[in-house]
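Structure data follow from entry_9.cif (mmCIF, C-alpha atoms):
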data_coords
loop_
_atom_site.group_PDB
_atom_site.id
_atom_site.type_symbol
_atom_site.label_atom_id
_atom_site.label_comp_id
_atom_site.auth_asym_id
_atom_site.auth_seq_id
_atom_site.Cartn_x
_atom_site.Cartn_y
_atom_site.Cartn_z
ATOM 1 C CA MET A 1 0.000 0.000 0.000
ATOM 2 C CA PRO A 2 2.600 2.532 -1.144
ATOM 3 C CA ALA A 3 0.523 5.676 -1.673
ATOM 4 C CA SER A 4 0.539 7.860 1.428
ATOM 5 C CA ASN A 5 -2.633 9.646 0.333
ATOM 6 C CA VAL A 6 -4.780 6.488 0.465
ATOM 7 C CA LYS A 7 -7.481 6.668 3.151
ATOM 8 C CA LEU A 8 -9.109 3.649 4.784
ATOM 9 C CA GLY A 9 -12.724 3.895 5.880
ATOM 10 C CA TYR A 10 -15.355 1.822 7.636
ATOM 11 C CA VAL A 11 -18.969 1.327 6.532
ATOM 12 C CA LEU A 12 -21.805 2.230 8.876
ATOM 13 C CA SER A 13 -24.495 -0.051 7.455
ATOM 14 C CA SER A 14 -27.824 1.617 8.198
ATOM 15 C CA GLU A 15 -29.594 -1.434 6.798
ATOM 16 C CA GLU A 16 -28.182 -3.734 9.494
ATOM 17 C CA HIS A 17 -27.704 -1.750 12.704
ATOM 18 C CA PRO A 18 -29.856 0.402 14.994
ATOM 19 C CA PRO A 19 -28.809 4.024 15.480
ATOM 20 C CA LEU A 20 -27.023 3.676 18.832
ATOM 21 C CA ASP A 21 -24.912 0.833 17.459
ATOM 22 C CA LEU A 22 -24.019 2.893 14.399
ATOM 23 C CA VAL A 23 -22.820 5.723 16.638
ATOM 24 C CA ARG A 24 -20.798 3.313 18.802
ATOM 25 C CA ASN A 25 -19.274 1.684 15.731
ATOM 26 C CA ALA A 26 -18.214 5.060 14.367
ATOM 27 C CA ALA A 27 -16.463 5.840 17.650
ATOM 28 C CA ARG A 28 -14.787 2.421 17.583
ATOM 29 C CA ALA A 29 -13.579 3.000 14.018
ATOM 30 C CA GLU A 30 -12.070 6.306 15.116
ATOM 31 C CA GLU A 31 -10.382 4.595 18.068
ATOM 32 C CA LEU A 32 -8.705 2.068 15.747
ATOM 33 C CA GLY A 33 -7.433 4.747 13.379
ATOM 34 C CA PHE A 34 -9.785 4.514 10.407
ATOM 35 C CA ASP A 35 -9.712 7.760 8.437
ATOM 36 C CA TYR A 36 -13.433 8.046 7.718
ATOM 37 C CA VAL A 37 -16.799 6.352 7.872
ATOM 38 C CA SER A 38 -19.340 5.999 5.095
ATOM 39 C CA ILE A 39 -22.986 5.841 6.133
ATOM 40 C CA SER A 40 -25.819 4.633 3.902
ATOM 41 C CA ASP A 41 -29.059 6.592 3.517
ATOM 42 C CA HIS A 42 -31.972 4.176 3.156
ATOM 43 C CA PHE A 43 -35.669 4.188 3.933
ATOM 44 C CA HIS A 44 -35.798 0.374 3.666
ATOM 45 C CA PRO A 45 -33.182 -2.357 4.078
ATOM 46 C CA TRP A 46 -32.574 -4.463 0.989
ATOM 47 C CA ILE A 47 -34.165 -7.523 2.630
ATOM 48 C CA ASP A 48 -35.995 -8.037 5.917
ATOM 49 C CA ALA A 49 -33.147 -10.112 7.373
ATOM 50 C CA GLN A 50 -31.021 -6.954 7.539
ATOM 51 C CA GLY A 51 -33.702 -5.495 9.749
ATOM 52 C CA GLN A 52 -32.913 -1.786 10.187
ATOM 53 C CA SER A 53 -33.057 1.595 8.466
ATOM 54 C CA PRO A 54 -32.762 4.614 10.796
ATOM 55 C CA PHE A 55 -32.958 8.195 9.539
ATOM 56 C CA VAL A 56 -29.417 8.969 8.505
ATOM 57 C CA TRP A 57 -29.387 12.668 9.426
ATOM 58 C CA SER A 58 -30.255 11.917 13.052
ATOM 59 C CA VAL A 59 -27.502 9.302 13.221
ATOM 60 C CA ILE A 60 -24.981 11.762 11.781
ATOM 61 C CA GLY A 61 -25.754 14.109 14.649
ATOM 62 C CA GLY A 62 -24.926 11.318 17.095
ATOM 63 C CA VAL A 63 -21.703 10.463 15.274
ATOM 64 C CA ALA A 64 -20.683 14.123 15.319
ATOM 65 C CA GLN A 65 -20.921 14.172 19.111
ATOM 66 C CA ALA A 66 -19.334 10.744 19.687
ATOM 67 C CA THR A 67 -16.225 11.411 17.571
ATOM 68 C CA LYS A 68 -13.569 14.098 17.333
ATOM 69 C CA ARG A 69 -11.313 13.250 14.384
ATOM 70 C CA ILE A 70 -12.866 10.822 11.930
ATOM 71 C CA ASN A 71 -14.458 12.085 8.705
ATOM 72 C CA LEU A 72 -17.901 11.051 7.454
ATOM 73 C CA ILE A 73 -19.406 10.738 3.984
ATOM 74 C CA THR A 74 -22.991 9.889 3.115
ATOM 75 C CA GLY A 75 -22.714 6.823 0.929
ATOM 76 C CA VAL A 76 -24.989 7.952 -0.659
ATOM 77 C CA THR A 77 -28.055 10.144 -0.338
ATOM 78 C CA CYS A 78 -30.510 10.826 -3.157
ATOM 79 C CA PRO A 79 -31.499 14.527 -3.162
ATOM 80 C CA THR A 80 -34.252 14.321 -5.758
ATOM 81 C CA ILE A 81 -37.440 12.367 -5.023
ATOM 82 C CA ARG A 82 -37.930 11.237 -1.421
ATOM 83 C CA ILE A 83 -36.298 14.432 -0.085
ATOM 84 C CA HIS A 84 -36.237 17.779 -1.909
ATOM 85 C CA PRO A 85 -32.723 19.100 -2.611
ATOM 86 C CA ALA A 86 -33.370 22.232 -0.524
ATOM 87 C CA ILE A 87 -33.946 20.021 2.539
ATOM 88 C CA ILE A 88 -30.811 17.994 1.796
ATOM 89 C CA ALA A 89 -28.902 21.264 1.470
ATOM 90 C CA GLN A 90 -30.020 22.294 4.967
ATOM 91 C CA ALA A 91 -29.393 18.845 6.481
ATOM 92 C CA ALA A 92 -25.911 18.638 4.982
ATOM 93 C CA ALA A 93 -25.050 22.188 6.024
ATOM 94 C CA THR A 94 -26.031 21.410 9.606
ATOM 95 C CA SER A 95 -24.039 18.163 9.524
ATOM 96 C CA ALA A 96 -20.994 20.024 8.239
ATOM 97 C CA ALA A 97 -21.425 22.643 10.992
ATOM 98 C CA LEU A 98 -21.523 19.824 13.582
ATOM 99 C CA MET A 99 -18.402 18.219 12.075
ATOM 100 C CA PRO A 100 -16.207 21.115 10.910
ATOM 101 C CA GLY A 101 -13.969 19.955 8.092
ATOM 102 C CA ARG A 102 -15.082 16.331 8.573
ATOM 103 C CA PHE A 103 -18.268 15.996 6.496
ATOM 104 C CA THR A 104 -18.664 15.108 2.813
ATOM 105 C CA LEU A 105 -21.994 14.892 1.003
ATOM 106 C CA GLY A 106 -22.136 11.814 -1.205
ATOM 107 C CA VAL A 107 -25.065 11.873 -3.647
ATOM 108 C CA GLY A 108 -26.490 9.578 -6.289
ATOM 109 C CA THR A 109 -29.507 8.949 -8.492
ATOM 110 C CA GLY A 110 -31.010 6.599 -5.899
ATOM 111 C CA GLU A 111 -32.936 3.348 -5.901
ATOM 112 C CA ALA A 112 -36.673 2.763 -6.209
ATOM 113 C CA LEU A 113 -36.428 0.809 -2.947
ATOM 114 C CA ASN A 114 -36.096 4.081 -1.032
ATOM 115 C CA GLU A 115 -37.446 6.761 -3.330
ATOM 116 C CA HIS A 116 -40.808 5.338 -4.454
ATOM 117 C CA ILE A 117 -42.391 5.716 -1.009
ATOM 118 C CA THR A 118 -43.892 9.158 -1.666
ATOM 119 C CA GLY A 119 -45.809 7.795 -4.666
ATOM 120 C CA ASP A 120 -43.877 9.606 -7.372
ATOM 121 C CA LYS A 121 -43.079 7.801 -10.603
ATOM 122 C CA TRP A 122 -39.654 6.120 -10.653
ATOM 123 C CA PRO A 123 -37.924 7.698 -13.672
ATOM 124 C CA ARG A 124 -35.487 6.123 -16.092
ATOM 125 C CA PHE A 125 -31.785 6.701 -15.420
ATOM 126 C CA GLU A 126 -31.373 9.572 -17.896
ATOM 127 C CA THR A 127 -34.116 11.541 -16.130
ATOM 128 C CA ARG A 128 -32.719 10.746 -12.692
ATOM 129 C CA ALA A 129 -29.295 11.960 -13.818
ATOM 130 C CA GLU A 130 -30.789 15.252 -15.013
ATOM 131 C CA MET A 131 -32.627 15.605 -11.704
ATOM 132 C CA LEU A 132 -29.424 14.980 -9.767
ATOM 133 C CA GLU A 133 -27.527 17.594 -11.745
ATOM 134 C CA GLU A 134 -30.219 20.201 -11.064
ATOM 135 C CA ALA A 135 -30.353 19.185 -7.393
ATOM 136 C CA VAL A 136 -26.591 19.626 -6.951
ATOM 137 C CA GLU A 137 -26.869 23.075 -8.535
ATOM 138 C CA ILE A 138 -29.588 24.023 -6.025
ATOM 139 C CA ILE A 139 -27.624 22.681 -3.066
ATOM 140 C CA ARG A 140 -24.491 24.617 -3.988
ATOM 141 C CA GLU A 141 -26.480 27.786 -4.541
ATOM 142 C CA LEU A 142 -28.186 27.502 -1.153
ATOM 143 C CA TRP A 143 -24.807 26.970 0.510
ATOM 144 C CA GLN A 144 -23.869 30.489 -0.543
ATOM 145 C CA GLY A 145 -26.146 31.749 2.226
ATOM 146 C CA GLU A 146 -28.181 34.030 -0.012
ATOM 147 C CA ASN A 147 -31.894 34.064 -0.782
ATOM 148 C CA VAL A 148 -32.568 31.550 -3.549
ATOM 149 C CA ASN A 149 -35.393 31.401 -6.065
ATOM 150 C CA HIS A 150 -35.169 28.580 -8.555
ATOM 151 C CA GLU A 151 -37.698 27.494 -11.167
ATOM 152 C CA GLY A 152 -36.107 24.584 -12.943
ATOM 153 C CA PHE A 153 -37.363 21.714 -15.025
ATOM 154 C CA TYR A 154 -37.663 19.405 -12.019
ATOM 155 C CA PHE A 155 -37.517 21.541 -8.876
ATOM 156 C CA THR A 156 -38.839 24.798 -7.511
ATOM 157 C CA VAL A 157 -37.257 26.734 -4.661
ATOM 158 C CA GLU A 158 -39.042 29.856 -3.453
ATOM 159 C CA ASN A 159 -37.494 32.487 -1.167
ATOM 160 C CA ALA A 160 -35.220 29.975 0.567
ATOM 161 C CA ARG A 161 -32.146 30.891 2.580
ATOM 162 C CA ILE A 162 -30.011 28.622 4.762
ATOM 163 C CA TYR A 163 -28.865 30.520 7.832
ATOM 164 C CA THR A 164 -26.849 27.808 9.600
ATOM 165 C CA LEU A 165 -23.815 27.131 7.431
ATOM 166 C CA PRO A 166 -20.350 25.683 8.034
ATOM 167 C CA ASP A 167 -17.339 27.952 7.624
ATOM 168 C CA GLU A 168 -16.511 26.084 4.437
ATOM 169 C CA ALA A 169 -18.967 24.264 2.181
ATOM 170 C CA PRO A 170 -18.438 20.491 2.185
ATOM 171 C CA PRO A 171 -17.423 18.606 -0.961
ATOM 172 C CA ILE A 172 -20.120 16.931 -3.039
ATOM 173 C CA VAL A 173 -19.048 13.480 -4.218
ATOM 174 C CA VAL A 174 -21.161 11.794 -6.906
ATOM 175 C CA ALA A 175 -21.913 8.075 -7.208
ATOM 176 C CA ALA A 176 -21.399 6.185 -10.463
ATOM 177 C CA SER A 177 -21.739 2.596 -11.646
ATOM 178 C CA GLY A 178 -21.529 3.030 -15.422
ATOM 179 C CA PRO A 179 -20.144 5.303 -18.138
ATOM 180 C CA GLN A 180 -22.993 7.837 -18.156
ATOM 181 C CA ALA A 181 -22.914 8.253 -14.393
ATOM 182 C CA ALA A 182 -19.103 8.430 -14.473
ATOM 183 C CA GLU A 183 -19.294 11.307 -16.943
ATOM 184 C CA LEU A 184 -21.808 13.116 -14.741
ATOM 185 C CA ALA A 185 -19.689 12.563 -11.636
ATOM 186 C CA GLY A 186 -16.607 13.896 -13.378
ATOM 187 C CA ARG A 187 -18.443 16.935 -14.681
ATOM 188 C CA ILE A 188 -20.319 18.054 -11.535
ATOM 189 C CA GLY A 189 -18.683 16.210 -8.630
ATOM 190 C CA ASP A 190 -15.879 17.075 -6.257
ATOM 191 C CA GLY A 191 -15.132 13.349 -6.219
ATOM 192 C CA LEU A 192 -16.379 9.900 -7.210
ATOM 193 C CA ILE A 193 -17.944 7.165 -5.075
ATOM 194 C CA CYS A 194 -18.628 3.577 -6.201
ATOM 195 C CA SER A 195 -20.087 0.453 -4.648
ATOM 196 C CA SER A 196 -18.189 -1.975 -6.895
ATOM 197 C CA LEU A 197 -14.726 -1.921 -8.427
ATOM 198 C CA ASP A 198 -14.672 -0.679 -12.016
ATOM 199 C CA GLU A 199 -11.555 0.808 -13.578
ATOM 200 C CA GLU A 200 -13.563 2.114 -16.548
ATOM 201 C CA VAL A 201 -15.717 4.215 -14.215
ATOM 202 C CA VAL A 202 -12.583 5.804 -12.767
ATOM 203 C CA GLN A 203 -11.285 6.484 -16.259
ATOM 204 C CA GLY A 204 -14.600 8.002 -17.363
ATOM 205 C CA PHE A 205 -14.671 10.168 -14.256
ATOM 206 C CA GLU A 206 -11.159 11.446 -14.938
ATOM 207 C CA GLN A 207 -11.846 12.107 -18.615
ATOM 208 C CA ALA A 208 -14.943 14.169 -17.812
ATOM 209 C CA GLY A 209 -13.428 15.955 -14.826
ATOM 210 C CA GLY A 210 -10.876 18.078 -16.598
ATOM 211 C CA ALA A 211 -7.301 18.857 -15.644
ATOM 212 C CA ASP A 212 -7.785 18.507 -11.880
ATOM 213 C CA ALA A 213 -9.755 15.228 -11.998
ATOM 214 C CA LYS A 214 -6.802 13.137 -10.835
ATOM 215 C CA THR A 215 -6.606 15.188 -7.636
ATOM 216 C CA LYS A 216 -10.236 14.544 -6.720
ATOM 217 C CA PRO A 217 -11.003 11.721 -4.247
ATOM 218 C CA ARG A 218 -12.334 8.404 -5.525
ATOM 219 C CA TYR A 219 -14.225 6.311 -2.971
ATOM 220 C CA LEU A 220 -14.939 2.587 -3.169
ATOM 221 C CA GLN A 221 -16.796 0.224 -0.848
ATOM 222 C CA VAL A 222 -15.218 -3.198 -0.224
ATOM 223 C CA SER A 223 -17.672 -5.634 1.364
ATOM 224 C CA VAL A 224 -16.278 -8.284 3.706
ATOM 225 C CA CYS A 225 -17.558 -10.813 6.193
ATOM 226 C CA TRP A 226 -15.078 -11.802 8.871
ATOM 227 C CA ALA A 227 -15.752 -14.867 10.995
ATOM 228 C CA GLU A 228 -13.604 -17.441 12.775
ATOM 229 C CA ASP A 229 -13.855 -19.691 9.704
ATOM 230 C CA GLU A 230 -14.655 -19.122 6.045
ATOM 231 C CA ALA A 231 -17.715 -21.365 5.972
ATOM 232 C CA THR A 232 -19.426 -19.391 8.718
ATOM 233 C CA ALA A 233 -18.534 -16.128 6.999
ATOM 234 C CA ARG A 234 -19.964 -17.293 3.682
ATOM 235 C CA GLN A 235 -23.182 -18.452 5.359
ATOM 236 C CA THR A 236 -23.555 -15.125 7.171
ATOM 237 C CA ALA A 237 -22.954 -13.076 4.029
ATOM 238 C CA TYR A 238 -25.435 -15.194 2.083
ATOM 239 C CA LYS A 239 -28.103 -14.918 4.774
ATOM 240 C CA ILE A 240 -27.799 -11.181 5.453
ATOM 241 C CA TRP A 241 -26.451 -9.671 2.232
ATOM 242 C CA PRO A 242 -27.536 -11.900 -0.698
ATOM 243 C CA ASN A 243 -28.221 -8.749 -2.732
ATOM 244 C CA ALA A 244 -24.447 -8.604 -3.267
ATOM 245 C CA GLY A 245 -24.960 -11.352 -5.848
ATOM 246 C CA LEU A 246 -27.480 -9.426 -7.941
ATOM 247 C CA ARG A 247 -26.284 -8.077 -11.280
ATOM 248 C CA GLY A 248 -27.478 -5.377 -13.642
ATOM 249 C CA GLU A 249 -30.053 -2.715 -12.782
ATOM 250 C CA LEU A 250 -32.196 -4.712 -10.350
ATOM 251 C CA SER A 251 -30.845 -2.834 -7.333
ATOM 252 C CA GLN A 252 -32.092 0.424 -8.877
ATOM 253 C CA ILE A 253 -35.547 -0.644 -9.986
ATOM 254 C CA LEU A 254 -36.975 -3.143 -7.456
ATOM 255 C CA PRO A 255 -39.295 -1.236 -5.098
ATOM 256 C CA THR A 256 -39.567 -3.287 -1.876
ATOM 257 C CA PRO A 257 -37.569 -5.678 0.319
ATOM 258 C CA THR A 258 -40.076 -8.361 -0.680
ATOM 259 C CA HIS A 259 -39.094 -7.960 -4.330
ATOM 260 C CA PHE A 260 -35.434 -8.241 -3.393
ATOM 261 C CA GLU A 261 -36.156 -11.382 -1.394
ATOM 262 C CA GLN A 262 -37.779 -12.858 -4.477
ATOM 263 C CA ALA A 263 -34.876 -11.821 -6.707
ATOM 264 C CA VAL A 264 -32.155 -13.224 -4.452
ATOM 265 C CA GLN A 265 -33.741 -16.677 -4.694
ATOM 266 C CA MET A 266 -31.759 -16.831 -7.942
ATOM 267 C CA VAL A 267 -28.498 -16.015 -6.110
ATOM 268 C CA SER A 268 -26.250 -18.739 -4.683
ATOM 269 C CA GLU A 269 -23.838 -18.602 -1.772
ATOM 270 C CA GLU A 270 -21.042 -18.827 -4.331
ATOM 271 C CA ASP A 271 -22.404 -15.750 -6.150
ATOM 272 C CA VAL A 272 -22.254 -13.730 -2.929
ATOM 273 C CA ALA A 273 -18.766 -14.999 -2.091
ATOM 274 C CA LYS A 274 -17.533 -13.642 -5.429
ATOM 275 C CA SER A 275 -18.469 -10.117 -4.315
ATOM 276 C CA VAL A 276 -17.704 -10.373 -0.586
ATOM 277 C CA VAL A 277 -14.342 -11.206 1.002
ATOM 278 C CA CYS A 278 -15.280 -14.000 3.403
ATOM 279 C CA GLY A 279 -13.282 -15.495 6.242
ATOM 280 C CA PRO A 280 -10.305 -14.888 8.531
ATOM 281 C CA ASP A 281 -7.410 -14.820 6.022
ATOM 282 C CA PRO A 282 -5.915 -11.320 6.417
ATOM 283 C CA GLU A 283 -4.109 -11.492 3.093
ATOM 284 C CA ARG A 284 -7.415 -11.798 1.236
ATOM 285 C CA HIS A 285 -8.662 -8.630 2.935
ATOM 286 C CA VAL A 286 -5.416 -6.803 2.166
ATOM 287 C CA LYS A 287 -5.547 -8.025 -1.440
ATOM 288 C CA ALA A 288 -9.062 -6.638 -1.946
ATOM 289 C CA ILE A 289 -7.985 -3.248 -0.629
ATOM 290 C CA GLN A 290 -4.857 -3.288 -2.783
ATOM 291 C CA GLU A 291 -6.883 -4.165 -5.889
ATOM 292 C CA ALA A 292 -9.041 -1.107 -5.224
ATOM 293 C CA ILE A 293 -5.962 1.079 -4.973
ATOM 294 C CA ASP A 294 -4.519 -0.401 -8.163
ATOM 295 C CA ALA A 295 -7.790 0.376 -9.962
ATOM 296 C CA GLY A 296 -7.434 4.061 -9.104
ATOM 297 C CA TYR A 297 -9.429 4.457 -5.886
ATOM 298 C CA ASP A 298 -7.795 6.344 -3.019
ATOM 299 C CA HIS A 299 -10.568 6.134 -0.379
ATOM 300 C CA ILE A 300 -11.555 2.538 0.428
ATOM 301 C CA HIS A 301 -14.265 1.903 3.028
ATOM 302 C CA VAL A 302 -14.627 -1.635 4.323
ATOM 303 C CA GLY A 303 -18.067 -2.944 5.277
ATOM 304 C CA GLN A 304 -18.396 -5.906 7.636
ATOM 305 C CA ILE A 305 -21.563 -7.886 6.939
ATOM 306 C CA GLY A 306 -23.330 -9.337 9.954
ATOM 307 C CA PRO A 307 -23.731 -8.611 13.645
ATOM 308 C CA ASP A 308 -20.153 -9.291 14.782
ATOM 309 C CA GLN A 309 -18.710 -5.839 14.232
ATOM 310 C CA GLU A 310 -16.451 -6.071 17.274
ATOM 311 C CA GLY A 311 -14.928 -9.306 15.978
ATOM 312 C CA PHE A 312 -14.213 -7.515 12.709
ATOM 313 C CA PHE A 313 -12.643 -4.575 14.544
ATOM 314 C CA ARG A 314 -10.367 -6.824 16.582
ATOM 315 C CA PHE A 315 -9.371 -8.778 13.451
ATOM 316 C CA TYR A 316 -8.519 -5.625 11.522
ATOM 317 C CA GLU A 317 -6.653 -4.155 14.477
ATOM 318 C CA ARG A 318 -4.597 -7.317 14.947
ATOM 319 C CA GLU A 319 -4.206 -8.750 11.443
ATOM 320 C CA VAL A 320 -5.074 -6.298 8.661
ATOM 321 C CA LEU A 321 -4.176 -2.740 9.666
ATOM 322 C CA PRO A 322 -0.579 -3.668 10.592
ATOM 323 C CA ARG A 323 -0.097 -5.290 7.167
ATOM 324 C CA LEU A 324 -1.443 -2.192 5.459
ATOM 325 C CA ASP A 325 0.851 0.005 7.552
ATOM 326 C CA VAL A 326 3.864 -2.091 6.558
ATOM 327 C CA ARG A 327 3.015 -1.802 2.873
ATOM 328 C CA LYS A 328 2.406 1.922 3.249
ATOM 329 C CA ALA A 329 5.776 2.391 4.932
ATOM 330 C CA ALA A 330 7.476 0.382 2.203
#
Rewrite the structure of this file - the entire thing - as C-alpha cells.
Amino acid sequence: MPASNVKLGYVLSSEEHPPLDLVRNAARAEELGFDYVSISDHFHPWIDAQGQSPFVWSVIGGVAQATKRINLITGVTCPTIRIHPAIIAQAAATSAALMPGRFTLGVGTGEALNEHITGDKWPRFETRAEMLEEAVEIIRELWQGENVNHEGFYFTVENARIYTLPDEAPPIVVAASGPQAAELAGRIGDGLICSSLDEEVVQGFEQAGGADAKTKPRYLQVSVCWAEDEATARQTAYKIWPNAGLRGELSQILPTPTHFEQAVQMVSEEDVAKSVVCGPDPERHVKAIQEAIDAGYDHIHVGQIGPDQEGFFRFYEREVLPRLDVRKAA
C-alpha cells in the first residue's frame, strides 16, 4: 500500500444496525485509526433479514458528538425524489457545521427501494441523472447563504435561505456505476464514489473531470464478512447480504424488500462470495484493498456484513491494519 494519500474507511451499514450501534461503531472506528466512515441513507433495508433503516441525518448528529477526528461521507443520499434538494442542502449544512472539516456529502440517483415511497413515478436513469444535476446546482447555490429562487425543469425553490452554514462548504461526491454516471460525476462532482470496483468508471470520471480530476477523491466500498472460519462467513454473508450477488439494474428498480427477497432466490452462496471477502485470512482482505488502490481508488471503506462488528474490529486491528501500515511504509 505505497501511496501515502490512500485513506481507509469503515462502513456504517444503516440497513443492518440500529442508530445507537451505528454511533458506537463510528467511535470504535475512530479509536482504531480509520480515516473516515461511510454511512448509507436508506428508507428500507434491501431484505428483511437486515432489519434496520434509521434516519441517517439523526444518526450523523450522534456520530458528530461521539467522535472528534474521523471524517464522514454519506454513501450515498438521493437529493431528488424522497427528499427535496433544498432540505438535503439544509441537512448537509447542519451536519458540516456539527463536524467542521469532517463531512462530505455523497449523492447519487437513488434506488426505487427508497425513493418510491412518496408515490412519485420512478424515472429512467437519464431523467434521474438530469434531476441529480439540477439538485446539486440548487444545493451549492443555497450553501452560498443568499436568498434563492429557482424554477427549474424538475424543482422549484421559493425564497429559501439557509442561515446555519459551516465555515466552508463540504465537498459533493457523486456516485457512479456506469459510463454515463461516471461522466456526470466527473463533470459536476468534487469526487467519485462507487459500490463496486470498475476501472472504466474511474477512467470516465477522470476524462470528464478536466485537468484537476486526478486530484479529486475516488471512494470505493469493499464488502467483507469476517468470521472465525470461512464457511461461517460465507453463510452469514449469504443470509444477510444476498443482494451482493445481484447483477445489472435490479438494485435500482426493485421497489420493496419483498421484491429483493424474491430476486435473491436466484443467487447462490457462491455468487455472494464472489463479491464479498469471506473469512479470517488477512491477506485476502489486504488483497481486496490493494486491488481497489490499483484500480485508481484512493478512499476505500470496508463494510463488515453481519452482527459481529467487534470481531471484525479486533481482526482488523490485529491482522489487517498492521499489514497495510507495513506496505504503506514500504
### Task
List the residues selected by the PyMOL selection byres ((chain A and resi 84-95) around 6) in the file shown, writing them as a list in words.
Pro79, Thr80, Ile83, Ala96, Ala97, Leu98, Ala135, Ile139 and Leu165 of chain A
### Message
Which residue is closest to Thr215 of chain A? Choose from A:Pro282, A:Gly178, A:Gly248, A:Gly296 and count all atoms listed in the file.
### Response
A:Gly296
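Comparing A:Gly152, A:Pro322, A:Pro54, A:Pro307 by their smallest distance to Ile138 of chain A, the closest is A:Gly152 (using all atoms listed in the file).
Closest to Gly101 of chain A among A:Phe34, A:Cys225, A:Glu126, A:Pro170 is A:Pro170, based on all atoms listed in the file.
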Please give the centre and size of the box around segment 16-19 of chain A (axis-aligned, containing every atom listed in the file, 5 Å added per side), with values in Å to one decimal and written as AutoDock Vina command-line options.
--center_x -28.8 --center_y 0.1 --center_z 12.5 --size_x 12.2 --size_y 17.8 --size_z 16.0
### Task
Could you check how far atom CA of His17 of chain A sits from atom CA of Arg128 of chain A, in Å to one decimal?
28.7 Å
### Query
Between atom CA of Asp21 of chain A and atom CA of Val264 of chain A, what is the distance, to one decimal in Å?
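Atom CA of Val264 of chain A lies at a distance of 27.0 Å from atom CA of Asp21 of chain A.
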### Query
For Arg28 of chain A, which of A:Arg69, A:His150, A:His44, A:His299 is the closest residue, counting only C-alpha atoms?
A:Arg69
### Message
Using Å and a single decimal, report how far atom CA of Asn114 of chain A sits from atom CA of His42 of chain A.
### Response
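For atom CA of His42 of chain A relative to atom CA of Asn114 of chain A, the distance reads 5.9 Å.
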Counting all atoms listed in the file, which residues of segment 228-260 of chain A sit at most 12 Å from some atom of segment 105-113 of chain A, and what is each one's closest atom pair with its distance in Å to one decimal, listed by chain and rising residue number, as a tab-separated table?
residue	atom	partner	partner_atom	distance
A:Glu249	CA	A:Glu111	CA	9.6
A:Leu250	CA	A:Glu111	CA	9.2
A:Ser251	CA	A:Glu111	CA	6.7
A:Gln252	CA	A:Glu111	CA	4.3
A:Ile253	CA	A:Ala112	CA	5.2
A:Leu254	CA	A:Leu113	CA	6.0
A:Pro255	CA	A:Leu113	CA	4.1
A:Thr256	CA	A:Leu113	CA	5.3
A:Pro257	CA	A:Leu113	CA	7.4
A:Thr258	CA	A:Leu113	CA	10.1
A:His259	CA	A:Leu113	CA	9.3
A:Phe260	CA	A:Leu113	CA	9.1
### Task
List, as number ranges by chain, every residue that the PyMOL selection byres ((chain A and resi 206) around 10) selects in the file provided.
A: 182-183, 185-187, 191-192, 200-205, 207-216, 218
### Query
Restricting the calculation to only C-alpha atoms, which member of A:Ile305, A:Leu22, A:Ile293, A:Ile47 is positioned closest to Leu8 of chain A?
A:Ile293
### Message
Which residues, named as in the file, does the PyMOL selection byres ((chain A and resi 312) around 10) pick out? Answer as an MDAnalysis selection string.
### Response
chainID A and resid 224:228 280 303:311 313:318
I'd like the neighbourhood of Asp120 of chain A as a PDB file with C-alpha atoms, in the coordinates of the input, where a residue qualifies if any of its atoms comes within 9 Å (using only C-alpha atoms), though same-chain residues fewer than 5 positions away should be ignored.
ATOM      1  CA  ILE A  81     -37.440  12.367  -5.023  1.00  0.00           C
ATOM      2  CA  ARG A  82     -37.930  11.237  -1.421  1.00  0.00           C
ATOM      3  CA  GLU A 115     -37.446   6.761  -3.330  1.00  0.00           C
TER       4      GLU A 115
END
### Task
Considering only C-alpha atoms, return as a PyMOL selection string whatever protein or nucleic-acid residues lie within 8 Å of Ala273 of chain A, sequence-local ones (same chain, fewer than 6 positions apart) excluded.
chain A and resi 234+237-238
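The shell of residues at most 9 Å from Pro100 of chain A, with all atoms listed in the file counted and near chain neighbours (fewer than 5 positions) removed, consists of Ser95, Pro166, Asp167 and Glu168 of chain A.
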The selected residues should be written to file as a PDB file, in the coordinates of the input (atoms: C-alpha atoms).
ATOM      1  CA  SER A  95     -24.039  18.163   9.524  1.00  0.00           C
ATOM      2  CA  PRO A 166     -20.350  25.683   8.034  1.00  0.00           C
ATOM      3  CA  ASP A 167     -17.339  27.952   7.624  1.00  0.00           C
ATOM      4  CA  GLU A 168     -16.511  26.084   4.437  1.00  0.00           C
TER       5      GLU A 168
END
### Message
When you count all atoms listed in the file, which of these residues is closest to Lys239 of chain A: A:Ser196, A:Thr156, A:Gln265, A:Ser177?
### Response
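Under the stated criterion, the closest residue is A:Gln265.
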Name the residues within 12 Å of (-22.7, 3.6, 20.4), counting only C-alpha atoms in the file's coordinates, and put them as a PDB file with C-alpha atoms, in the frame of the given file.
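Saved result, out.pdb, follows:
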ATOM      1  CA  LEU A  12     -21.805   2.230   8.876  1.00  0.00           C
ATOM      2  CA  HIS A  17     -27.704  -1.750  12.704  1.00  0.00           C
ATOM      3  CA  PRO A  18     -29.856   0.402  14.994  1.00  0.00           C
ATOM      4  CA  PRO A  19     -28.809   4.024  15.480  1.00  0.00           C
ATOM      5  CA  LEU A  20     -27.023   3.676  18.832  1.00  0.00           C
ATOM      6  CA  ASP A  21     -24.912   0.833  17.459  1.00  0.00           C
ATOM      7  CA  LEU A  22     -24.019   2.893  14.399  1.00  0.00           C
ATOM      8  CA  VAL A  23     -22.820   5.723  16.638  1.00  0.00           C
ATOM      9  CA  ARG A  24     -20.798   3.313  18.802  1.00  0.00           C
ATOM     10  CA  ASN A  25     -19.274   1.684  15.731  1.00  0.00           C
ATOM     11  CA  ALA A  26     -18.214   5.060  14.367  1.00  0.00           C
ATOM     12  CA  ALA A  27     -16.463   5.840  17.650  1.00  0.00           C
ATOM     13  CA  ARG A  28     -14.787   2.421  17.583  1.00  0.00           C
ATOM     14  CA  ALA A  29     -13.579   3.000  14.018  1.00  0.00           C
ATOM     15  CA  VAL A  59     -27.502   9.302  13.221  1.00  0.00           C
ATOM     16  CA  GLY A  62     -24.926  11.318  17.095  1.00  0.00           C
ATOM     17  CA  VAL A  63     -21.703  10.463  15.274  1.00  0.00           C
ATOM     18  CA  ALA A  64     -20.683  14.123  15.319  1.00  0.00           C
ATOM     19  CA  GLN A  65     -20.921  14.172  19.111  1.00  0.00           C
ATOM     20  CA  ALA A  66     -19.334  10.744  19.687  1.00  0.00           C
ATOM     21  CA  THR A  67     -16.225  11.411  17.571  1.00  0.00           C
ATOM     22  CA  GLN A 309     -18.710  -5.839  14.232  1.00  0.00           C
ATOM     23  CA  GLU A 310     -16.451  -6.071  17.274  1.00  0.00           C
TER      24      GLU A 310
END
